[in-house]
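Student: To start, I am sharing the structure in question, which I have written as structure tokens.
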Amino acid sequence: TASGSGMGGCPVRGVGSEAGGGGGGGDGCPVRYKNNKVYNVYGEAIDPTNMMPAKAQQLPSPGQAAPLSQHRVQSGIAKGGTDSTWVYPSEQMFYNALVRKGKGEDVGMDDVEMMVAIHNNMNEKTWRQLLVWERMHCKQCDDPRLLRFTGRPDELSLRARVWKMMGFAPPFDRHDWVVDRCGREVRYIIDYYHNEKLPVDSKMPQQFNFNSQTQIELDVRPALDSFTAFGDRLRFGLMKMLGGEPRQPQDWPRAEQTRGGNEDGIKGKQKEWNKEQKQFIEKMEEISKSCASRIQDYNTCSDEQDCSKKLLAKDVCVAEITCAKQAKNFLKALEKGDENDIGKKYEEMVKCTMEFKEKGEKLFV
């Protein structure tokens, strides 16, 4: 098999050897460089602002029972480094994220629309509460923006740990949001609690309905990373004790938040997949099942040589399903041992699998 070929260093020595100029030697790869992109274990480019795939992943997940909407909406949350706002994930992207995290098994397709609506509404409420804190710095900054955020559901904040020790239920999720306060980065901690004692609306919450009832309670406050944050906590607490909160100046914040909108998706739901979409999904499910061990081996490889071999094994497994002719030609070249032919056939095989994926992505746009 491909994984037992005995090749070290680069899986295919001929590939890329001319483009790099030189500096090879030994059994390693002939070219050494550092890519400025960041990828996750699924081979997807990561957006460093939120550690999510940089390219919107709108393809159905393996085993998905029915189509989901690819429609995206603009948030009311000002995005750092831009003049725009953050864009929420579509139902399809939201479901794909659940699957990646191992939380999609019990999720029904009919439930995703409600889950996305609650997610979006909850984030708008979070930003609105965060801006109440930012009012205390309105003279220094008239345009606070969310720069990046990270989900930390498995890391309880200090306050959440104290509440848990006192016998209260822990939050079901935690986020850390970093705000750009006109050049100064300020971290906020948000704990999300589920309170079954609260009333709940029977209808789906609208994005900007700040009075919606979803049984979710928010605890938003600046992290104690500085004396300024410590002072903000004291001032805010005193204002609350006196029954007030920081005033919102007129025309603050400066940025007018865009509400509603659409981006790179289709509006509404597709009732069922067409023939081509079904064929592509079947291939992807076959890859997910047949190549699962090869993919896992590659994701847990130990060093460069080990990763090279396991990458090759994974590539061949995928190609045998999507590009059988090219995979067969590559394995024949591998047996003959002609490095030039190996490199050529490997490039053809990888190109074919990439074209298969690109054509598939276009089917769901």
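Residues are named by chain letter and number: chains run A, B, ... in the order of the structure tokens, numbers start at 1 in each chain, and ligands are numbered from 1 in the order shown.
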I need the alpha helix (DSSP H) residues of range 100-326 of chain A per DSSP on the backbone, written as a PyMOL selection string.
Tutor: chain A and resi 100+112-134+158-165+227-241+275-290+292-299+304-322+324-326
Student: Measuring atom to atom with only C-alpha atoms, identify which of A:Ser69, A:Gln140, A:Asn123, A:Thr353 is nearest to Phe94 in chain A.
Tutor: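 Selected residue with least distance to Phe94 in chain A: A:Ser69.
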Student: Within range 144-337 of chain A, find each residue whose DSSP state, derived from the backbone, is strand (DSSP E or B), and express the selection as JSON, numbers by chain.
Tutor: {"A": [145, 146, 147, 148, 149, 150, 151, 173, 174, 175, 176, 177, 178, 179, 180, 181, 184, 185, 186, 187, 188, 189, 190, 191, 192, 193, 194, 200, 214, 216, 217, 218, 219, 220, 221, 222, 263]}
Student: Generate the output file for the selected residues, C-alpha atoms, as a CSV table (one decimal), in the first residue's frame.
Tutor:
chain,number,residue,atom,x,y,z
A,145,ARG,CA,-15.2,47.3,17.7
A,146,LEU,CA,-15.0,43.5,18.2
A,147,LEU,CA,-11.6,42.5,17.0
A,148,ARG,CA,-11.7,38.7,17.7
A,149,PHE,CA,-13.3,36.1,19.9
A,150,THR,CA,-12.7,32.6,21.2
A,151,GLY,CA,-15.0,30.0,22.6
A,173,ASP,CA,-20.6,28.1,27.5
A,174,ARG,CA,-18.0,30.8,27.8
A,175,HIS,CA,-16.6,33.2,25.3
A,176,ASP,CA,-13.7,35.7,25.4
A,177,TRP,CA,-14.2,38.7,23.2
A,178,VAL,CA,-11.4,41.1,22.5
A,179,VAL,CA,-12.5,44.6,21.7
A,180,ASP,CA,-10.5,47.2,19.9
A,181,ARG,CA,-11.0,50.3,22.0
A,184,ARG,CA,-6.2,49.4,22.8
A,185,GLU,CA,-7.2,45.7,23.0
A,186,VAL,CA,-9.5,44.9,25.9
A,187,ARG,CA,-10.7,41.4,26.7
A,188,TYR,CA,-14.2,40.7,28.0
A,189,ILE,CA,-15.4,37.4,29.6
A,190,ILE,CA,-18.9,36.3,28.8
A,191,ASP,CA,-20.5,33.4,30.7
A,192,TYR,CA,-23.8,31.9,29.3
A,193,TYR,CA,-26.2,30.3,31.7
A,194,HIS,CA,-29.4,28.3,31.0
A,200,VAL,CA,-39.5,31.3,27.0
A,214,THR,CA,-34.8,32.4,25.5
A,216,ILE,CA,-30.4,32.3,28.5
A,217,GLU,CA,-28.7,34.6,31.0
A,218,LEU,CA,-25.6,36.5,30.2
A,219,ASP,CA,-22.8,37.6,32.5
A,220,VAL,CA,-20.7,40.1,30.6
A,221,ARG,CA,-17.7,41.9,32.2
A,222,PRO,CA,-14.2,43.0,31.4
A,263,GLU,CA,-23.8,37.4,2.0
Student: Using Å and a single decimal, report how far CA of Val132 in chain A sits from CA of Pro249 in chain A.
Tutor: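 These atoms are spaced 10.9 Å apart.
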